[in-house]
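Read through the structure below, which is laid out as structure tokens, and then see the notes.
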Amino acid sequence: MALAIKVNGTMQSVDVDNDAPLLWVLRDALGLAGTKFGCGVAQCGACTVFVDGKPMRSCTLPISALGTREVTTIEGVSGREAEAVQQAWIARDVPQCGYCQSGQVMSAVALLKQIKQPSDRDIDLAMNGNVCRCATYARIRAAIHDAARALEG
Amino acid sequence: MMRAQAFLAAGVAAVTVLVAAAVAQTTRQPTAKDLRPVPSFQNIADQQARSIALFEEAGKVLQHARCVNCHPATERPLQSDAMRPHQPLVVRGADGHGVPGMTCNTCHHAANFDAARVPGHPQWHLAPASMAWEGRTLGEICAQIKDPNRNGGKDMAALLHHMAEDTLVGWGWAPGPGREPAPGTQAAFGGLLRAWADAGAHCPPS
Ligand code: FES
Ligand code: FES
């Protein structure tokens, strides 16, 4: 099925199966490999993207269900929160192997867009669908607090 | 030699656990597949007894995993026919749709996505805490669903409409592979509750 979808601000045409998950359209059809496959069953968060600005697991969204909604991936995420998260991530050296991190960053940015000064509990509840095999959780939580403070100033 | 024995012992223990799990699976109470039709209750002469019997039949749906999983006793939903805590941890949040950064529709989209066994519906969300059914008796659930202070302000007409027509409730009969559908049909379930209401909407004593 030929489709036109908007990804990172640009209209793209893709020819894929109706039930292809958005994740594989991004990675295979569009070459946007920053979004990762971890589980394919909404259990790990590695595939998190924004759909109309809201975080979603792209592995469980068939492309036919996307409609006219706009997709933002790790390659295209921008704005104050994204910059603050990026800086905090670098300063704390958050990633270890890095595999889960694009999903972590997308979820962290989504959280900070909605809660300016998240508590530890806010962070835990927003982030616990993002699994990290290297267990960088403590650094992730600290970096989100750093980013929140930076956004405040 | 010692090491080989230890491996063997560990292997036997593992197999024992697996077999025990398999036995537990097969001995789990089978749930009803069908609902008795409303006319089959006509022979109960006493109106209150008939009303209660009708509610108890509808209770096969109300207490089914497809319904209870999203009417949990805590802030965390359940999942699967075995009603295990939802994985990953998610919570009800202020409006039943989760919390900022982790809402139901982060993972659950507008329809079931069978390839990933992830269920879906446009309004996928949890019932409010006042409508928790997990661990409650049918009598308690009955009192709860009739009480506008706890059922989201519904009068009887709105309640019956919700049960018989709401498409998220209806998902319980079309849950996709790997999940047992609720017994009967939504129409039959709605019919039982309408007959229960017509007979006075009496509740089981417990
Ligand atoms: S790949 Fe989508 S949640 Fe794991
Ligand atoms: S940094 Fe390795 S999986 Fe998270």
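Just remember, in the structure tokens the first chain shown is A, the second B, etc., residues are 1-based per chain, and ligands are 1-based in the order shown.
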Can you work out which residues from chain A touch chain B at a cut-off of 10 Å (counting only C-alpha atoms) and hand them back as JSON, numbers by chain? {"A": [19, 20, 21, 39, 40, 41, 42, 43, 44, 45, 48, 49, 50, 51, 54, 55, 56, 57, 58, 59, 60, 61, 62, 65, 66, 106, 107, 108, 109, 110, 111, 112, 113, 114, 115, 118, 122, 123, 124, 125, 126, 127, 128, 129, 130, 131]}
Kindly save the residues from that selection, with N, CA and C atoms included, as a compact mmCIF listing (two decimals), in the first residue's frame.
```txt
# COMPACT_ATOMS: atom_id res chain seq x y z
N ASP A 19 -0.39 -3.62 7.64
CA ASP A 19 -0.22 -3.94 9.06
C ASP A 19 1.24 -3.83 9.51
N ALA A 20 2.09 -3.25 8.66
CA ALA A 20 3.49 -3.08 9.08
C ALA A 20 3.53 -2.13 10.27
N PRO A 21 4.21 -2.51 11.35
CA PRO A 21 4.31 -1.58 12.47
C PRO A 21 5.10 -0.33 12.08
N CYS A 39 11.66 -5.48 21.69
CA CYS A 39 10.81 -6.62 22.02
C CYS A 39 9.69 -6.82 21.00
N GLY A 40 9.20 -5.75 20.44
CA GLY A 40 8.11 -5.85 19.47
C GLY A 40 6.74 -6.06 20.09
N VAL A 41 6.66 -6.08 21.41
CA VAL A 41 5.38 -6.34 22.08
C VAL A 41 5.09 -5.34 23.20
N ALA A 42 5.56 -4.12 23.04
CA ALA A 42 5.25 -3.04 23.99
C ALA A 42 5.74 -3.32 25.41
N GLN A 43 6.86 -4.02 25.52
CA GLN A 43 7.37 -4.34 26.86
C GLN A 43 8.67 -3.63 27.21
N CYS A 44 9.30 -2.94 26.25
CA CYS A 44 10.64 -2.42 26.56
C CYS A 44 10.81 -0.92 26.33
N GLY A 45 10.04 -0.32 25.45
CA GLY A 45 10.13 1.12 25.24
C GLY A 45 11.20 1.58 24.26
N THR A 48 10.11 3.91 21.25
CA THR A 48 9.24 5.07 21.54
C THR A 48 9.50 6.23 20.57
N VAL A 49 8.41 6.73 19.99
CA VAL A 49 8.45 7.93 19.14
C VAL A 49 7.33 8.84 19.63
N PHE A 50 7.20 10.02 19.04
CA PHE A 50 6.02 10.85 19.32
C PHE A 50 5.07 10.71 18.14
N VAL A 51 3.80 10.61 18.46
CA VAL A 51 2.75 10.69 17.44
C VAL A 51 1.88 11.87 17.84
N LYS A 54 2.76 13.03 21.29
CA LYS A 54 2.58 12.14 22.46
C LYS A 54 3.44 10.90 22.29
N PRO A 55 4.07 10.44 23.39
CA PRO A 55 4.92 9.26 23.26
C PRO A 55 4.10 8.02 22.94
N MET A 56 4.60 7.24 22.00
CA MET A 56 3.93 5.98 21.64
C MET A 56 4.97 4.94 21.29
N ARG A 57 4.57 3.69 21.55
CA ARG A 57 5.42 2.57 21.14
C ARG A 57 5.14 2.29 19.67
N SER A 58 6.15 2.47 18.85
CA SER A 58 5.92 2.33 17.41
C SER A 58 5.84 0.87 16.97
N CYS A 59 6.21 -0.06 17.87
CA CYS A 59 6.18 -1.48 17.47
C CYS A 59 4.77 -2.03 17.47
N THR A 60 3.83 -1.35 18.13
CA THR A 60 2.46 -1.90 18.20
C THR A 60 1.47 -1.04 17.43
N LEU A 61 1.97 -0.09 16.65
CA LEU A 61 1.07 0.77 15.88
C LEU A 61 1.15 0.41 14.40
N PRO A 62 0.13 -0.28 13.87
CA PRO A 62 0.19 -0.59 12.44
C PRO A 62 0.11 0.70 11.63
N ALA A 65 -3.01 2.60 10.91
CA ALA A 65 -3.72 3.31 11.98
C ALA A 65 -3.13 4.69 12.24
N LEU A 66 -2.08 5.04 11.51
CA LEU A 66 -1.43 6.33 11.77
C LEU A 66 -2.27 7.50 11.28
N MET A 106 13.19 9.96 24.41
CA MET A 106 11.85 10.36 23.97
C MET A 106 10.89 10.40 25.15
N SER A 107 10.96 9.39 26.01
CA SER A 107 10.05 9.37 27.17
C SER A 107 10.37 10.48 28.15
N ALA A 108 11.66 10.77 28.33
CA ALA A 108 12.05 11.84 29.25
C ALA A 108 11.57 13.20 28.73
N VAL A 109 11.73 13.43 27.44
CA VAL A 109 11.28 14.70 26.86
C VAL A 109 9.76 14.82 27.00
N ALA A 110 9.06 13.73 26.73
CA ALA A 110 7.60 13.75 26.85
C ALA A 110 7.18 14.07 28.28
N LEU A 111 7.87 13.50 29.25
CA LEU A 111 7.54 13.77 30.65
C LEU A 111 7.75 15.25 30.98
N LEU A 112 8.89 15.79 30.58
CA LEU A 112 9.20 17.19 30.93
C LEU A 112 8.30 18.18 30.21
N LYS A 113 7.75 17.78 29.08
CA LYS A 113 6.79 18.67 28.41
C LYS A 113 5.52 18.79 29.25
N GLN A 114 5.21 17.76 30.01
CA GLN A 114 3.95 17.76 30.76
C GLN A 114 4.11 18.09 32.22
N ILE A 115 5.22 17.69 32.83
CA ILE A 115 5.46 18.00 34.24
C ILE A 115 6.80 18.73 34.32
N PRO A 118 9.25 17.17 37.76
CA PRO A 118 8.75 15.85 38.16
C PRO A 118 9.42 15.34 39.44
N ASP A 122 7.01 10.60 39.82
CA ASP A 122 6.58 10.95 38.46
C ASP A 122 7.53 10.31 37.44
N ILE A 123 8.83 10.43 37.74
CA ILE A 123 9.84 9.90 36.80
C ILE A 123 9.72 8.38 36.71
N ASP A 124 9.61 7.74 37.87
CA ASP A 124 9.53 6.26 37.85
C ASP A 124 8.31 5.79 37.07
N LEU A 125 7.16 6.46 37.28
CA LEU A 125 5.93 6.01 36.61
C LEU A 125 5.98 6.28 35.11
N ALA A 126 6.61 7.39 34.74
CA ALA A 126 6.67 7.72 33.31
C ALA A 126 7.70 6.87 32.58
N MET A 127 8.75 6.47 33.30
CA MET A 127 9.89 5.85 32.63
C MET A 127 9.95 4.33 32.79
N ASN A 128 9.10 3.75 33.62
CA ASN A 128 9.34 2.33 33.89
C ASN A 128 8.94 1.41 32.75
N GLY A 129 8.30 1.96 31.72
CA GLY A 129 8.08 1.15 30.51
C GLY A 129 9.29 1.15 29.59
N ASN A 130 10.32 1.89 29.97
CA ASN A 130 11.56 1.92 29.19
C ASN A 130 12.62 1.11 29.93
N VAL A 131 12.85 -0.09 29.43
CA VAL A 131 13.77 -1.00 30.09
C VAL A 131 15.20 -0.71 29.63
```
Within 12 Å of ligand 2, which residues show up when you count only C-alpha atoms and all ligand atoms? List them as a PyMOL selection string, please. chain A and resi 36-38+44-46+89+93-105+130-140
Using the chain letters and numbers from this document, which residues of chain B does DSSP assign to strand (DSSP E or B), as number ranges by chain? B: 78-79, 84-85, 98-99, 102-103, 113, 118
So which residues of range 33-114 of chain A fall under helix (DSSP H, G or I) by DSSP, listed as a PyMOL selection string? chain A and resi 58-60+63-65+80-92+101-114
Next, dump the selected residues to file, keeping only N, CA and C atoms, as a short mmCIF file (atom, residue, chain, number, x, y, z; two decimals), in the first residue's frame.
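In the end it all went to selection_9.cif:
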```
data_model
loop_
_atom_site.label_atom_id
_atom_site.label_comp_id
_atom_site.auth_asym_id
_atom_site.auth_seq_id
_atom_site.Cartn_x
_atom_site.Cartn_y
_atom_site.Cartn_z
N SER A 58 6.15 2.47 18.85
CA SER A 58 5.92 2.33 17.41
C SER A 58 5.84 0.87 16.97
N CYS A 59 6.21 -0.06 17.87
CA CYS A 59 6.18 -1.48 17.47
C CYS A 59 4.77 -2.03 17.47
N THR A 60 3.83 -1.35 18.13
CA THR A 60 2.46 -1.90 18.20
C THR A 60 1.47 -1.04 17.43
N ILE A 63 0.84 0.74 10.54
CA ILE A 63 0.94 1.98 9.78
C ILE A 63 -0.44 2.45 9.30
N SER A 64 -1.33 1.50 9.08
CA SER A 64 -2.67 1.86 8.61
C SER A 64 -3.45 2.67 9.65
N ALA A 65 -3.01 2.60 10.91
CA ALA A 65 -3.72 3.31 11.98
C ALA A 65 -3.13 4.69 12.24
N ARG A 80 13.00 23.08 23.67
CA ARG A 80 13.71 23.34 24.92
C ARG A 80 13.93 22.05 25.72
N GLU A 81 12.86 21.25 25.85
CA GLU A 81 12.99 20.05 26.68
C GLU A 81 14.00 19.09 26.07
N ALA A 82 13.94 18.95 24.75
CA ALA A 82 14.87 18.02 24.08
C ALA A 82 16.31 18.48 24.28
N GLU A 83 16.53 19.79 24.18
CA GLU A 83 17.90 20.30 24.37
C GLU A 83 18.37 20.09 25.80
N ALA A 84 17.47 20.35 26.76
CA ALA A 84 17.84 20.18 28.17
C ALA A 84 18.16 18.72 28.46
N VAL A 85 17.36 17.82 27.90
CA VAL A 85 17.60 16.39 28.13
C VAL A 85 18.93 15.99 27.50
N GLN A 86 19.18 16.47 26.30
CA GLN A 86 20.43 16.11 25.62
C GLN A 86 21.64 16.57 26.45
N GLN A 87 21.58 17.82 26.93
CA GLN A 87 22.70 18.34 27.72
C GLN A 87 22.88 17.53 29.01
N ALA A 88 21.78 17.26 29.68
CA ALA A 88 21.86 16.51 30.94
C ALA A 88 22.38 15.10 30.70
N TRP A 89 21.97 14.52 29.59
CA TRP A 89 22.42 13.15 29.27
C TRP A 89 23.94 13.12 29.04
N ILE A 90 24.42 14.15 28.34
CA ILE A 90 25.86 14.22 28.06
C ILE A 90 26.63 14.46 29.37
N ALA A 91 26.13 15.43 30.15
CA ALA A 91 26.84 15.80 31.38
C ALA A 91 26.93 14.62 32.35
N ARG A 92 25.90 13.79 32.39
CA ARG A 92 25.89 12.65 33.32
C ARG A 92 26.40 11.38 32.69
N GLN A 101 18.59 3.96 24.64
CA GLN A 101 18.61 5.38 25.01
C GLN A 101 17.72 6.27 24.14
N SER A 102 17.53 5.92 22.88
CA SER A 102 16.66 6.82 22.11
C SER A 102 15.24 6.75 22.68
N GLY A 103 14.82 5.59 23.10
CA GLY A 103 13.51 5.46 23.74
C GLY A 103 13.47 6.20 25.07
N GLN A 104 14.56 6.09 25.83
CA GLN A 104 14.62 6.78 27.14
C GLN A 104 14.50 8.28 26.94
N VAL A 105 15.24 8.79 25.95
CA VAL A 105 15.24 10.24 25.70
C VAL A 105 13.84 10.70 25.28
N MET A 106 13.19 9.96 24.41
CA MET A 106 11.85 10.36 23.97
C MET A 106 10.89 10.40 25.15
N SER A 107 10.96 9.39 26.01
CA SER A 107 10.05 9.37 27.17
C SER A 107 10.37 10.48 28.15
N ALA A 108 11.66 10.77 28.33
CA ALA A 108 12.05 11.84 29.25
C ALA A 108 11.57 13.20 28.73
N VAL A 109 11.73 13.43 27.44
CA VAL A 109 11.28 14.70 26.86
C VAL A 109 9.76 14.82 27.00
N ALA A 110 9.06 13.73 26.73
CA ALA A 110 7.60 13.75 26.85
C ALA A 110 7.18 14.07 28.28
N LEU A 111 7.87 13.50 29.25
CA LEU A 111 7.54 13.77 30.65
C LEU A 111 7.75 15.25 30.98
N LEU A 112 8.89 15.79 30.58
CA LEU A 112 9.20 17.19 30.93
C LEU A 112 8.30 18.18 30.21
N LYS A 113 7.75 17.78 29.08
CA LYS A 113 6.79 18.67 28.41
C LYS A 113 5.52 18.79 29.25
N GLN A 114 5.21 17.76 30.01
CA GLN A 114 3.95 17.76 30.76
C GLN A 114 4.11 18.09 32.22
#
```
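Here CA of His64 in chain B stands at a distance of 6.3 Å from CA of Ala182 in chain B.
One distance worth recording is that between CA of Val68 in chain B and CA of Ala49 in chain B, which is 25.4 Å.
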What's around Phe41 in chain B at 12 Å? Count only C-alpha atoms, leave out sequence neighbours fewer than 4 positions away in its own chain, and write the answer as an mmCIF file with C-alpha atoms, in the first residue's frame.
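The resulting file, out-v3.cif, is reproduced below:
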```
data_model
loop_
_atom_site.group_PDB
_atom_site.id
_atom_site.type_symbol
_atom_site.label_atom_id
_atom_site.label_comp_id
_atom_site.auth_asym_id
_atom_site.auth_seq_id
_atom_site.Cartn_x
_atom_site.Cartn_y
_atom_site.Cartn_z
ATOM 1 C CA LEU B 35 -25.060 -17.096 29.422
ATOM 2 C CA ARG B 36 -28.488 -18.492 30.237
ATOM 3 C CA PRO B 37 -31.205 -16.751 28.229
ATOM 4 C CA ALA B 45 -41.920 -17.005 40.764
ATOM 5 C CA ASP B 46 -40.533 -14.745 43.462
ATOM 6 C CA GLN B 47 -39.586 -11.475 41.795
ATOM 7 C CA GLN B 48 -36.717 -10.661 44.132
ATOM 8 C CA ALA B 49 -35.254 -14.144 43.795
ATOM 9 C CA ARG B 50 -35.576 -13.886 40.003
ATOM 10 C CA SER B 51 -33.878 -10.509 39.956
ATOM 11 C CA ILE B 52 -31.007 -11.847 42.037
ATOM 12 C CA ALA B 53 -30.668 -14.947 39.861
ATOM 13 C CA LEU B 54 -30.513 -12.761 36.748
ATOM 14 C CA PHE B 55 -27.810 -10.607 38.325
ATOM 15 C CA GLU B 56 -25.818 -13.660 39.334
ATOM 16 C CA GLU B 57 -25.910 -14.869 35.727
ATOM 17 C CA LEU B 192 -29.900 -10.097 31.596
ATOM 18 C CA ALA B 195 -34.457 -8.100 33.056
ATOM 19 C CA TRP B 196 -32.700 -7.745 36.440
ATOM 20 C CA ALA B 199 -37.549 -7.246 38.285
#
```
Considering only C-alpha atoms and all ligand atoms, can you say which of A:Cys47, A:Val77, A:Val71, A:Ile144 comes closest to ligand 1? A:Cys47
Straight-line distance linking CA of Thr73 in chain A with CA of Leu30 in chain A, stated in Å to one decimal: 11.5 Å
